[in-house]
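Next comes work.tsv, with TSV, C-alpha atoms and all ligand atoms.
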```tsv
chain	number	residue	atom	x	y	z
A	534	MET	CA	-16.29	-9.64	3.48
A	535	LYS	CA	-14.01	-6.62	3.52
A	536	ARG	CA	-15.62	-3.38	4.78
A	537	VAL	CA	-14.26	-0.36	2.90
A	538	THR	CA	-14.57	3.40	3.26
A	539	VAL	CA	-13.87	5.31	0.06
A	540	LEU	CA	-12.57	8.87	0.41
A	541	GLY	CA	-12.97	10.90	-2.77
A	542	ALA	CA	-15.58	8.52	-4.16
A	543	THR	CA	-16.80	10.80	-6.94
A	544	GLY	CA	-13.41	11.40	-8.60
A	545	SER	CA	-11.96	9.23	-11.33
A	546	VAL	CA	-10.25	6.67	-9.06
A	547	GLY	CA	-13.19	6.73	-6.63
A	548	ARG	CA	-15.68	5.89	-9.39
A	549	ASN	CA	-13.44	3.09	-10.61
A	550	THR	CA	-13.12	1.77	-7.06
A	551	LEU	CA	-16.90	1.60	-6.70
A	552	ASP	CA	-17.14	-0.13	-10.06
A	553	VAL	CA	-14.72	-2.82	-8.85
A	554	VAL	CA	-16.57	-3.20	-5.56
A	555	GLU	CA	-19.95	-3.42	-7.32
A	556	ASN	CA	-18.57	-6.16	-9.56
A	557	HIS	CA	-17.54	-8.11	-6.46
A	558	ARG	CA	-20.30	-7.48	-3.95
A	559	ASP	CA	-19.74	-10.90	-2.41
A	560	ARG	CA	-16.32	-9.71	-1.22
A	561	PHE	CA	-16.61	-6.02	-0.42
A	562	GLU	CA	-19.05	-3.82	1.44
A	563	VAL	CA	-18.92	-0.03	1.24
A	564	VAL	CA	-19.46	1.45	4.71
A	565	GLY	CA	-18.34	5.04	4.06
A	566	LEU	CA	-18.24	7.46	1.13
A	567	SER	CA	-16.92	10.98	0.83
A	568	ALA	CA	-17.16	13.55	-1.95
A	569	GLY	CA	-15.93	17.07	-2.57
A	570	ARG	CA	-18.63	19.01	-4.40
A	571	ASN	CA	-20.27	16.46	-6.68
A	572	VAL	CA	-23.21	15.67	-4.43
A	573	ASP	CA	-25.49	14.44	-7.22
A	574	LEU	CA	-23.10	11.62	-7.92
A	575	LEU	CA	-22.56	11.02	-4.21
A	576	GLN	CA	-26.31	10.67	-3.78
A	577	ALA	CA	-26.50	8.14	-6.62
A	578	GLN	CA	-23.58	6.21	-5.15
A	579	SER	CA	-25.15	6.16	-1.68
A	580	GLU	CA	-28.34	4.75	-3.14
A	581	ARG	CA	-26.31	1.85	-4.49
A	582	HIS	CA	-24.64	1.44	-1.08
A	583	PRO	CA	-27.43	2.03	1.42
A	584	GLY	CA	-25.30	0.97	4.38
A	585	ALA	CA	-22.69	3.66	3.80
A	586	MET	CA	-22.28	6.79	5.91
A	587	ILE	CA	-21.33	9.88	3.94
A	588	ALA	CA	-19.23	13.02	4.31
A	589	VAL	CA	-18.90	16.03	2.03
A	590	GLN	CA	-15.82	18.23	2.01
A	591	ASP	CA	-17.51	21.35	0.70
A	592	GLU	CA	-19.92	22.84	3.23
A	593	GLU	CA	-22.17	24.56	0.70
A	594	ALA	CA	-22.44	21.37	-1.32
A	595	HIS	CA	-23.38	19.48	1.83
A	596	GLU	CA	-26.18	21.92	2.59
A	597	ALA	CA	-27.49	21.56	-0.95
A	598	LEU	CA	-27.45	17.78	-0.60
A	599	VAL	CA	-29.45	17.53	2.62
A	600	LYS	CA	-31.90	20.12	1.33
A	601	ALA	CA	-32.47	18.22	-1.92
A	602	ALA	CA	-32.47	14.79	-0.28
A	603	PRO	CA	-33.50	15.07	3.40
A	604	GLU	CA	-33.24	11.28	3.75
A	605	MET	CA	-29.45	11.66	3.42
A	606	ASN	CA	-29.35	13.61	6.67
A	607	SER	CA	-29.48	10.54	8.86
A	608	ARG	CA	-26.49	9.02	7.07
A	609	SER	CA	-24.42	12.17	6.90
A	610	ILE	CA	-21.43	12.79	9.13
A	611	GLY	CA	-21.27	16.44	8.06
A	612	SER	CA	-18.89	18.55	6.05
A	613	GLY	CA	-15.37	19.94	6.00
A	614	ASP	CA	-11.96	18.32	6.46
A	615	GLU	CA	-12.93	17.20	9.95
A	616	ALA	CA	-15.80	15.14	8.52
A	617	LEU	CA	-13.32	12.86	6.74
A	618	ILE	CA	-11.67	12.08	10.08
A	619	THR	CA	-15.05	11.44	11.70
A	620	LEU	CA	-16.11	9.25	8.78
A	621	VAL	CA	-13.09	7.01	9.38
A	622	ASP	CA	-13.80	6.98	13.14
A	623	LYS	CA	-17.48	6.14	12.78
A	624	THR	CA	-17.18	3.52	10.05
A	625	ARG	CA	-14.05	1.77	11.39
A	626	PRO	CA	-13.57	-0.08	8.11
A	627	ASP	CA	-11.14	-2.90	7.37
A	628	LEU	CA	-9.65	-0.69	4.67
A	629	VAL	CA	-9.74	3.00	3.79
A	630	VAL	CA	-9.40	3.64	0.06
A	631	ASN	CA	-7.96	7.13	-0.25
A	632	CYS	CA	-8.79	8.52	-3.71
A	633	LEU	CA	-8.52	12.17	-2.68
A	634	VAL	CA	-6.53	14.54	-4.84
A	635	GLY	CA	-3.79	16.63	-3.28
A	636	PHE	CA	-2.23	17.34	0.07
A	637	ALA	CA	-5.68	17.39	1.75
A	638	GLY	CA	-5.58	13.60	1.77
A	639	LEU	CA	-2.67	13.36	4.19
A	640	ARG	CA	-4.52	13.86	7.46
A	641	PRO	CA	-7.21	11.18	6.96
A	642	THR	CA	-4.51	8.72	5.88
A	643	LEU	CA	-2.46	9.40	8.99
A	644	HIS	CA	-5.57	9.14	11.12
A	645	ALA	CA	-6.61	5.76	9.69
A	646	LEU	CA	-3.09	4.37	10.02
A	647	SER	CA	-2.82	5.53	13.62
A	648	LEU	CA	-6.01	3.56	14.37
A	649	GLY	CA	-4.42	0.47	12.83
A	650	ILE	CA	-6.63	0.64	9.72
A	651	GLY	CA	-4.89	-0.17	6.43
A	652	VAL	CA	-5.03	2.44	3.67
A	653	ALA	CA	-5.08	1.69	-0.04
A	654	ILE	CA	-3.75	4.93	-1.40
A	655	ALA	CA	-4.17	6.60	-4.75
A	656	ASN	CA	-3.46	9.96	-3.15
A	657	LYS	CA	0.20	10.21	-4.15
A	658	GLU	CA	0.54	13.85	-3.10
A	659	SER	CA	0.15	12.84	0.55
A	660	ILE	CA	2.93	10.25	0.23
A	661	VAL	CA	5.19	12.86	-1.35
A	662	ALA	CA	4.41	15.55	1.23
A	663	GLY	CA	4.46	13.30	4.28
A	664	GLY	CA	6.27	10.11	3.26
A	665	GLU	CA	8.49	9.67	6.26
A	666	LEU	CA	5.72	10.41	8.76
A	667	LEU	CA	3.29	8.09	6.96
A	668	MET	CA	5.74	5.21	6.92
A	669	ARG	CA	6.60	5.75	10.58
A	670	THR	CA	2.91	5.85	11.57
A	671	ALA	CA	2.19	2.68	9.60
A	672	LYS	CA	5.12	0.89	11.16
A	673	GLU	CA	4.09	1.86	14.68
A	674	SER	CA	0.52	0.65	14.27
A	675	GLY	CA	1.24	-2.29	11.98
A	676	ALA	CA	-1.39	-1.08	9.47
A	677	PRO	CA	-0.41	-1.57	5.82
A	678	ILE	CA	-0.12	1.19	3.20
A	679	ILE	CA	-1.20	-0.41	-0.07
A	680	PRO	CA	-0.48	1.26	-3.40
A	681	ILE	CA	-3.21	1.85	-5.99
A	682	ASP	CA	-1.15	3.75	-8.53
A	683	SER	CA	-0.75	1.34	-11.46
A	684	GLU	CA	3.06	1.59	-11.47
A	685	HIS	CA	3.36	0.80	-7.78
A	686	VAL	CA	0.85	-2.01	-7.98
A	687	ALA	CA	3.08	-3.40	-10.75
A	688	VAL	CA	6.24	-3.06	-8.66
A	689	ASP	CA	4.43	-4.59	-5.68
A	690	GLN	CA	3.53	-7.63	-7.76
A	691	CYS	CA	6.99	-7.94	-9.36
A	692	LEU	CA	8.62	-7.84	-5.93
A	693	ARG	CA	6.56	-10.75	-4.59
A	694	GLY	CA	8.97	-13.57	-4.11
A	695	CYS	CA	12.06	-11.40	-4.73
A	696	ARG	CA	14.71	-10.91	-2.08
A	697	ARG	CA	15.36	-7.27	-1.32
A	698	GLU	CA	19.09	-7.61	-1.76
A	699	ASP	CA	18.50	-8.88	-5.30
A	700	ILE	CA	16.86	-5.66	-6.54
A	701	LYS	CA	19.17	-3.84	-8.93
A	702	MET	CA	16.78	-1.28	-10.45
A	703	VAL	CA	13.09	-0.45	-10.49
A	704	TYR	CA	11.82	1.01	-13.77
A	705	ILE	CA	8.73	3.19	-13.49
A	706	THR	CA	7.09	3.41	-16.89
A	707	ALA	CA	5.61	6.67	-18.20
A	708	SER	CA	3.37	7.13	-21.21
A	709	GLY	CA	4.99	10.53	-21.73
A	710	GLY	CA	1.62	12.26	-21.40
A	711	SER	CA	-0.42	14.22	-23.87
A	712	LEU	CA	2.46	16.38	-25.15
A	713	ARG	CA	5.13	13.73	-25.67
A	714	ASP	CA	5.24	14.36	-29.44
A	715	THR	CA	4.54	18.11	-29.42
A	716	PRO	CA	7.57	20.12	-30.65
A	717	ILE	CA	9.25	21.63	-27.57
A	718	GLU	CA	9.01	25.16	-29.01
A	719	ASP	CA	5.21	24.76	-29.18
A	720	LEU	CA	4.85	24.00	-25.45
A	721	GLU	CA	4.55	27.77	-24.73
A	722	THR	CA	1.27	27.88	-26.59
A	723	VAL	CA	-0.44	24.50	-26.08
A	724	THR	CA	-4.14	24.68	-25.33
A	725	ARG	CA	-5.88	23.24	-22.30
A	726	GLU	CA	-7.67	20.73	-24.55
A	727	GLU	CA	-4.37	19.41	-25.91
A	728	VAL	CA	-2.94	19.06	-22.40
A	729	LEU	CA	-6.04	17.26	-21.09
A	730	ALA	CA	-6.15	14.71	-23.94
A	731	HIS	CA	-4.14	11.87	-22.40
A	732	PRO	CA	-3.10	9.29	-25.01
A	733	THR	CA	-3.73	6.12	-22.97
A	734	TRP	CA	-5.30	6.74	-19.54
A	735	ASN	CA	-8.62	8.37	-18.76
A	736	MET	CA	-8.06	10.29	-15.50
A	737	GLY	CA	-8.93	13.43	-13.56
A	738	ASP	CA	-7.73	16.87	-14.73
A	739	LYS	CA	-5.02	17.43	-12.12
A	740	ILE	CA	-3.22	14.15	-12.75
A	741	THR	CA	-3.59	14.55	-16.52
A	742	VAL	CA	-1.74	17.88	-16.35
A	743	ASP	CA	0.86	16.25	-14.06
A	744	SER	CA	1.29	13.53	-16.69
A	745	ALA	CA	1.86	16.10	-19.43
A	746	THR	CA	4.61	17.79	-17.37
A	747	LEU	CA	5.89	14.40	-16.14
A	748	LEU	CA	5.78	15.84	-12.62
A	749	ASN	CA	3.46	12.90	-11.98
A	750	LYS	CA	6.38	10.52	-12.61
A	751	GLY	CA	8.53	12.53	-10.23
A	752	LEU	CA	5.85	12.12	-7.57
A	753	GLU	CA	5.74	8.41	-8.37
A	754	VAL	CA	9.52	8.03	-7.94
A	755	ILE	CA	9.22	9.61	-4.50
A	756	GLU	CA	6.19	7.41	-3.79
A	757	ALA	CA	8.18	4.27	-4.75
A	758	HIS	CA	11.11	5.41	-2.63
A	759	TRP	CA	8.87	5.48	0.45
A	760	LEU	CA	6.54	2.57	-0.26
A	761	PHE	CA	9.27	0.09	-1.15
A	762	ASP	CA	12.07	1.58	0.96
A	763	LEU	CA	14.30	1.96	-2.11
A	764	PRO	CA	17.19	4.40	-2.52
A	765	LEU	CA	16.44	7.02	-5.17
A	766	ASP	CA	19.31	5.88	-7.39
A	767	ARG	CA	17.61	2.49	-7.79
A	768	ILE	CA	14.49	3.99	-9.35
A	769	ARG	CA	14.44	5.09	-12.98
A	770	VAL	CA	11.75	6.49	-15.23
A	771	VAL	CA	11.44	5.12	-18.76
A	772	ILE	CA	9.03	6.27	-21.47
A	773	HIS	CA	6.72	3.49	-22.63
A	774	PRO	CA	4.07	5.09	-24.86
A	775	GLN	CA	1.63	2.16	-24.95
A	776	SER	CA	1.04	1.95	-21.15
A	777	ILE	CA	0.83	-1.85	-21.24
A	778	ILE	CA	3.83	-2.61	-19.04
A	779	HIS	CA	3.07	-0.82	-15.80
A	780	SER	CA	6.56	-1.09	-14.31
A	781	MET	CA	9.56	-3.42	-14.13
A	782	VAL	CA	12.07	-4.71	-11.63
A	783	GLU	CA	15.60	-5.64	-12.66
A	784	LEU	CA	17.40	-8.15	-10.45
A	785	GLN	CA	21.07	-8.86	-9.75
A	786	ASP	CA	21.28	-11.51	-12.43
A	787	ASN	CA	19.98	-8.98	-15.03
A	788	SER	CA	16.61	-10.68	-15.22
A	789	ILE	CA	13.80	-8.12	-15.67
A	790	LEU	CA	10.31	-8.81	-14.31
A	791	ALA	CA	7.41	-6.81	-15.77
A	792	GLN	CA	3.71	-6.56	-14.95
A	793	MET	CA	1.37	-6.08	-17.91
A	794	GLY	CA	-2.28	-5.34	-18.52
A	795	LEU	CA	-4.63	-2.94	-20.27
A	796	PRO	CA	-4.46	0.67	-19.06
A	797	ASP	CA	-7.65	0.40	-17.00
A	798	MET	CA	-7.47	1.64	-13.39
A	799	ARG	CA	-9.92	-1.02	-12.26
A	800	LEU	CA	-7.20	-3.66	-12.58
A	801	PRO	CA	-4.70	-2.15	-10.13
A	802	ILE	CA	-7.60	-1.23	-7.84
A	803	LEU	CA	-8.85	-4.82	-7.84
A	804	TYR	CA	-5.40	-6.05	-6.88
A	805	ALA	CA	-5.01	-3.39	-4.19
A	806	LEU	CA	-8.35	-4.35	-2.64
A	807	SER	CA	-7.75	-8.09	-2.69
A	808	ARG	CA	-4.00	-8.66	-2.33
A	809	PRO	CA	-2.46	-11.11	-1.67
A	810	ASP	CA	-5.49	-12.97	-3.05
A	811	ARG	CA	-6.33	-13.02	-6.75
A	812	ILE	CA	-10.00	-12.59	-7.58
A	813	PRO	CA	-11.39	-13.95	-10.86
A	814	THR	CA	-12.88	-11.03	-12.77
A	815	ASP	CA	-14.59	-10.06	-16.00
A	816	LEU	CA	-12.93	-6.63	-15.98
A	817	ALA	CA	-10.65	-5.53	-18.84
A	818	ARG	CA	-9.26	-8.85	-20.00
A	819	SER	CA	-6.35	-8.46	-22.39
A	820	ARG	CA	-5.85	-10.60	-25.47
A	821	ILE	CA	-2.13	-10.67	-25.67
A	822	SER	CA	-2.14	-10.80	-29.47
A	823	ASP	CA	-4.15	-7.54	-29.50
A	824	PHE	CA	-1.51	-5.60	-27.61
A	825	PRO	CA	0.20	-2.88	-29.63
A	826	ASP	CA	3.92	-3.17	-30.30
A	827	LEU	CA	5.70	-2.32	-27.07
A	828	SER	CA	8.50	0.24	-27.13
A	829	PHE	CA	10.68	2.09	-24.64
A	830	ARG	CA	12.84	5.18	-24.75
A	831	GLU	CA	14.80	7.38	-22.38
A	832	VAL	CA	13.22	10.53	-20.96
A	833	ASP	CA	14.13	13.73	-22.81
A	834	GLU	CA	15.00	15.99	-19.86
A	835	ALA	CA	14.65	19.21	-21.89
A	836	ARG	CA	11.04	18.34	-22.67
A	837	TYR	CA	10.16	17.53	-19.06
A	838	PRO	CA	11.90	19.95	-16.65
A	839	CYS	CA	9.37	19.06	-13.92
A	840	LEU	CA	10.80	15.55	-13.61
A	841	GLY	CA	14.27	16.96	-12.90
A	842	LEU	CA	12.78	19.32	-10.30
A	843	ALA	CA	11.00	16.45	-8.56
A	844	LEU	CA	14.18	14.38	-8.44
A	845	ARG	CA	16.08	17.40	-7.12
A	846	ALA	CA	13.50	17.85	-4.33
A	847	ALA	CA	13.66	14.14	-3.52
A	848	ARG	CA	17.47	14.18	-3.26
A	849	GLU	CA	17.47	17.33	-1.11
A	850	GLY	CA	14.97	15.75	1.29
A	851	ALA	CA	13.71	17.60	4.42
A	852	ASN	CA	10.68	19.71	3.43
A	853	ARG	CA	11.66	19.96	-0.27
A	854	PRO	CA	9.21	17.31	-1.54
A	855	THR	CA	6.42	19.12	0.34
A	856	VAL	CA	7.41	22.43	-1.29
A	857	LEU	CA	7.51	20.72	-4.68
A	858	ASN	CA	4.07	19.24	-4.24
A	859	SER	CA	2.39	22.37	-2.86
A	860	ALA	CA	3.94	24.60	-5.53
A	861	ASN	CA	2.75	22.16	-8.17
A	862	GLU	CA	-0.79	22.04	-6.75
A	863	MET	CA	-0.91	25.83	-6.85
A	864	ALA	CA	0.57	26.01	-10.35
A	865	VAL	CA	-1.71	23.34	-11.80
A	866	GLY	CA	-4.74	24.90	-10.11
A	867	ALA	CA	-3.83	28.25	-11.69
A	868	TYR	CA	-3.23	26.58	-15.03
A	869	LEU	CA	-6.60	24.83	-14.99
A	870	ALA	CA	-8.23	28.14	-14.06
A	871	GLY	CA	-6.59	29.77	-17.09
A	872	ARG	CA	-4.37	32.12	-15.07
A	873	VAL	CA	-0.93	30.83	-16.10
A	874	SER	CA	0.47	29.05	-19.13
A	875	PHE	CA	1.60	25.44	-19.35
A	876	VAL	CA	5.32	26.29	-19.19
A	877	ASP	CA	4.72	28.53	-16.16
A	878	ILE	CA	4.09	25.36	-14.15
A	879	HIS	CA	7.75	24.36	-14.03
A	880	ARG	CA	8.85	27.97	-13.55
A	881	ILE	CA	6.62	28.33	-10.49
A	882	ILE	CA	7.89	25.05	-9.03
A	883	GLU	CA	11.55	25.89	-9.64
A	884	ASN	CA	11.20	29.38	-8.20
A	885	SER	CA	9.48	27.96	-5.10
A	886	LEU	CA	12.20	25.35	-4.56
A	887	ASP	CA	14.77	28.15	-4.84
A	888	ASN	CA	13.01	30.49	-2.43
A	889	VAL	CA	10.87	28.71	0.15
A	890	PRO	CA	13.20	28.03	3.10
A	891	SER	CA	14.36	24.52	3.82
A	892	ARG	CA	13.55	22.98	7.18
A	893	GLU	CA	13.42	19.54	8.71
A	894	ILE	CA	10.10	17.72	8.96
A	895	GLU	CA	9.35	16.01	12.26
A	896	THR	CA	5.60	16.26	12.74
A	897	PHE	CA	2.37	16.67	10.82
A	898	GLU	CA	2.31	20.33	11.88
A	899	ASP	CA	5.71	20.85	10.21
A	900	ILE	CA	4.26	19.55	6.93
A	901	VAL	CA	1.18	21.76	7.25
A	902	GLU	CA	3.42	24.76	7.93
A	903	THR	CA	5.57	24.14	4.83
A	904	ASP	CA	2.46	23.62	2.73
A	905	ALA	CA	0.96	26.90	3.94
A	906	THR	CA	4.25	28.81	3.49
A	907	THR	CA	4.64	27.51	-0.06
A	908	ARG	CA	1.07	28.33	-1.03
A	909	ALA	CA	1.39	31.83	0.43
A	910	TYR	CA	4.69	32.33	-1.40
A	911	THR	CA	3.39	31.28	-4.81
A	912	ARG	CA	0.17	33.29	-4.34
A	913	LYS	CA	2.12	36.46	-3.63
A	914	ARG	CA	5.01	35.96	-6.06
A	915	PHE	CA	2.92	34.85	-9.04
A	916	GLN	CA	-0.47	36.41	-8.20
A	917	ILE	CA	-2.19	33.02	-8.39
B	1001	MG	MG	0.55	6.26	-12.16
```
Once you've parsed the file, please lay out its structure as structure tokens.
Amino acid sequence: MKRVTVLGATGSVGRNTLDVVENHRDRFEVVGLSAGRNVDLLQAQSERHPGAMIAVQDEEAHEALVKAAPEMNSRSIGSGDEALITLVDKTRPDLVVNCLVGFAGLRPTLHALSLGIGVAIANKESIVAGGELLMRTAKESGAPIIPIDSEHVAVDQCLRGCRREDIKMVYITASGGSLRDTPIEDLETVTREEVLAHPTWNMGDKITVDSATLLNKGLEVIEAHWLFDLPLDRIRVVIHPQSIIHSMVELQDNSILAQMGLPDMRLPILYALSRPDRIPTDLARSRISDFPDLSFREVDEARYPCLGLALRAAREGANRPTVLNSANEMAVGAYLAGRVSFVDIHRIIENSLDNVPSREIETFEDIVETDATTRAYTRKRFQI
């Protein structure tokens, strides 16, 4: 029985994680749950997992919850960022599943790792912002960082049994997002609905926008660089519109290994929760003859300037990936709130990379400082 604490349980990956766990109750027990504002769903989830302690990030939402359901009070850790740390401390799970969105997920991940608790991580922004520190903390404590992102779960599986020195190239596949066939000149005027209509994956709003800009793939290249200790020039992005092959590894003898499956997040989550074991499951079985024709093409850099910006930040190192991520979080937040246009997203990121000062990252506080500086810069410069 693996005891798991799920941070961000009411988001898209969190809901899928609970679905996997509930399909395999003989193997997993949920001991902790956290939510942001969606306390109705959190309450429903806690009823299905009566042994779980809960934390709510938003203080007002927490008050509303304990008022509406006083019985939740005895299971509640409290609210705010600190409550996530306390939830990890109090539940001491075998595994933290971090499904939080954005930089806010970094601190609880670092905290769990420093206690020697493994973290299955869907929260790619925290790997991008704090990759070096995360990997160092994991190494010191011996706690594993396990990918949940479908591409990295694919690479993880392809690399099993491969010798490191045999890796020639890792190919991260990208669907191309919701705007992959929109004429470039129309990107200035795309609507929110068009951007949020992802062709193959059903995900949260922030990551769906990141998929449309392909910034998401840039974050995933940086994520792969840290998780698999690969030089950046051994990681390439390739467009694969069907999202059936989740990534590939090319070896010295030109053999290419690929991992395939339906685009259903429950599959990579199941692997992340059970690896190195394989659990028989009824989830999303693929009939190979039903797969669409599989195709691949190179990335059109003019269509996706955000990918180039992410690779630039990754190559420059130091605090650049943190600046990239924070500027993107601000830009996407402003976009979703209707305050900037779709093409402003890459302009805001590029301007921030050009203007927020570079500095080395040694500690968590350095990352927090760069995040705050970048947010303050974009707020002032772009009125967002
Ligand atoms: Mg992904």
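Our summary of the geometry notes that CA of Ile882 in chain A is positioned 28.2 Å from CA of Gly613 in chain A.
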(message) Using only C-alpha atoms, which protein or nucleic acid residues come within 12 Å of Gly541 in chain A? Drop anything in the same chain fewer than 4 positions from it, and give the result as a ChimeraX atom specification.
(response) /A:545-551,565-572,574-575,578,587-591,614,617,629-635,637-638,641,654-656,737
(message) Quick check, in Å to one decimal: how far apart do CA of Leu816 in chain A and CA of Leu800 in chain A lie?
(response) 7.3 Å
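Using all atoms listed in the file, the nearest neighbour of Arg669 in chain A within the list A:Ser874, A:Thr896, A:Thr538, A:Ser819 is A:Thr896.
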Sort by chain and increasing residue number a table of all residues of chain A within 9 Å of ligand MG 1001 (chain B), each with its closest pair of atoms and their distance in Å to one decimal, counting only C-alpha atoms and all ligand atoms, and write it as a Markdown table.
```
| residue | atom | partner | partner_atom | distance |
| --- | --- | --- | --- | --- |
| A:Ala655 | CA | B:MG1001 | MG | 8.8 |
| A:Lys657 | CA | B:MG1001 | MG | 8.9 |
| A:Ile681 | CA | B:MG1001 | MG | 8.5 |
| A:Asp682 | CA | B:MG1001 | MG | 4.7 |
| A:Ser683 | CA | B:MG1001 | MG | 5.1 |
| A:Glu684 | CA | B:MG1001 | MG | 5.3 |
| A:His685 | CA | B:MG1001 | MG | 7.5 |
| A:Ile705 | CA | B:MG1001 | MG | 8.8 |
| A:Thr706 | CA | B:MG1001 | MG | 8.6 |
| A:Ala707 | CA | B:MG1001 | MG | 7.9 |
| A:Ile740 | CA | B:MG1001 | MG | 8.8 |
| A:Ser744 | CA | B:MG1001 | MG | 8.6 |
| A:Asn749 | CA | B:MG1001 | MG | 7.3 |
| A:Lys750 | CA | B:MG1001 | MG | 7.2 |
| A:Glu753 | CA | B:MG1001 | MG | 6.8 |
| A:His779 | CA | B:MG1001 | MG | 8.4 |
```
How would the residues just picked look written out with C-alpha atoms as a PDB file, keeping the file's coordinate frame?
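Output contents, as saved in part-v1.pdb:
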```pdb
ATOM      1  CA  ALA A 655      -4.170   6.600  -4.750  1.00  0.00           C
ATOM      2  CA  LYS A 657       0.200  10.210  -4.150  1.00  0.00           C
ATOM      3  CA  ILE A 681      -3.210   1.850  -5.990  1.00  0.00           C
ATOM      4  CA  ASP A 682      -1.150   3.750  -8.530  1.00  0.00           C
ATOM      5  CA  SER A 683      -0.750   1.340 -11.460  1.00  0.00           C
ATOM      6  CA  GLU A 684       3.060   1.590 -11.470  1.00  0.00           C
ATOM      7  CA  HIS A 685       3.360   0.800  -7.780  1.00  0.00           C
ATOM      8  CA  ILE A 705       8.730   3.190 -13.490  1.00  0.00           C
ATOM      9  CA  THR A 706       7.090   3.410 -16.890  1.00  0.00           C
ATOM     10  CA  ALA A 707       5.610   6.670 -18.200  1.00  0.00           C
ATOM     11  CA  ILE A 740      -3.220  14.150 -12.750  1.00  0.00           C
ATOM     12  CA  SER A 744       1.290  13.530 -16.690  1.00  0.00           C
ATOM     13  CA  ASN A 749       3.460  12.900 -11.980  1.00  0.00           C
ATOM     14  CA  LYS A 750       6.380  10.520 -12.610  1.00  0.00           C
ATOM     15  CA  GLU A 753       5.740   8.410  -8.370  1.00  0.00           C
ATOM     16  CA  HIS A 779       3.070  -0.820 -15.800  1.00  0.00           C
TER      17      HIS A 779
END
```
(request) For each of A:Gln775, A:Ser579, A:Gln792, A:Thr911, take the minimum atom-to-atom distance to Asp689 in chain A, counting all atoms listed in the file, then give the residue where this is smallest. (result)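 Closest to Asp689 in chain A of all the choices is A:Gln792.
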(message) Can you measure CA of Ser708 in chain A to CA of Arg769 in chain A for me? One decimal in Å is fine.
(response)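 So the two atoms, CA of Ser708 in chain A and CA of Arg769 in chain A, lie 13.9 Å apart.
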(request) Within 10 Å of Asp786 in chain A, counting all atoms listed in the file, which residues show up once you throw out same-chain ones fewer than 2 positions away? Write them as an MDAnalysis selection string, please. (result) chainID A and resid 699:701 783:784 788:789
(message) Ranking A:Ala730, A:Val686, A:Ala860, A:Val621 by minimum distance to Pro809 in chain A and counting all atoms listed in the file, which one comes first?
(response)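 Distance minimum relative to Pro809 in chain A lands on A:Val686.
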(message) List as a PyMOL selection string the protein and nucleic acid residues near Pro825 in chain A, meaning an atom at most 12 Å away when only C-alpha atoms are counted, but skip any in the same chain fewer than 6 places from it.
(response) chain A and resi 733+773-778+794-795+819
(request) Tell me which of A:Arg608, A:Lys739, A:His644, A:His582 sits closest to Glu658 in chain A, counting all atoms listed in the file. (result)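 Among the listed residues, A:Lys739 lies closest to Glu658 in chain A.
Shortest separation to Leu869 in chain A among A:Thr619, A:Thr724, A:Thr903, A:Ser780 occurs at residue A:Thr724, atoms counted being only C-alpha atoms.
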(request) Show me as a ChimeraX atom specification the residues that reach within 9 Å of (5.5, 24.6, -2.4), counting all atoms listed in the file and using the file's own coordinates. (result) /A:853-863,881-882,885-886,889,903-911
(request) Name the closest residue to Arg558 in chain A among the candidates A:Arg880, A:Lys913, A:Arg767, A:Lys535; distances are taken between atoms, counting all atoms listed in the file. (result)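 With all atoms listed in the file as the atom set, the closest residue is A:Lys535.
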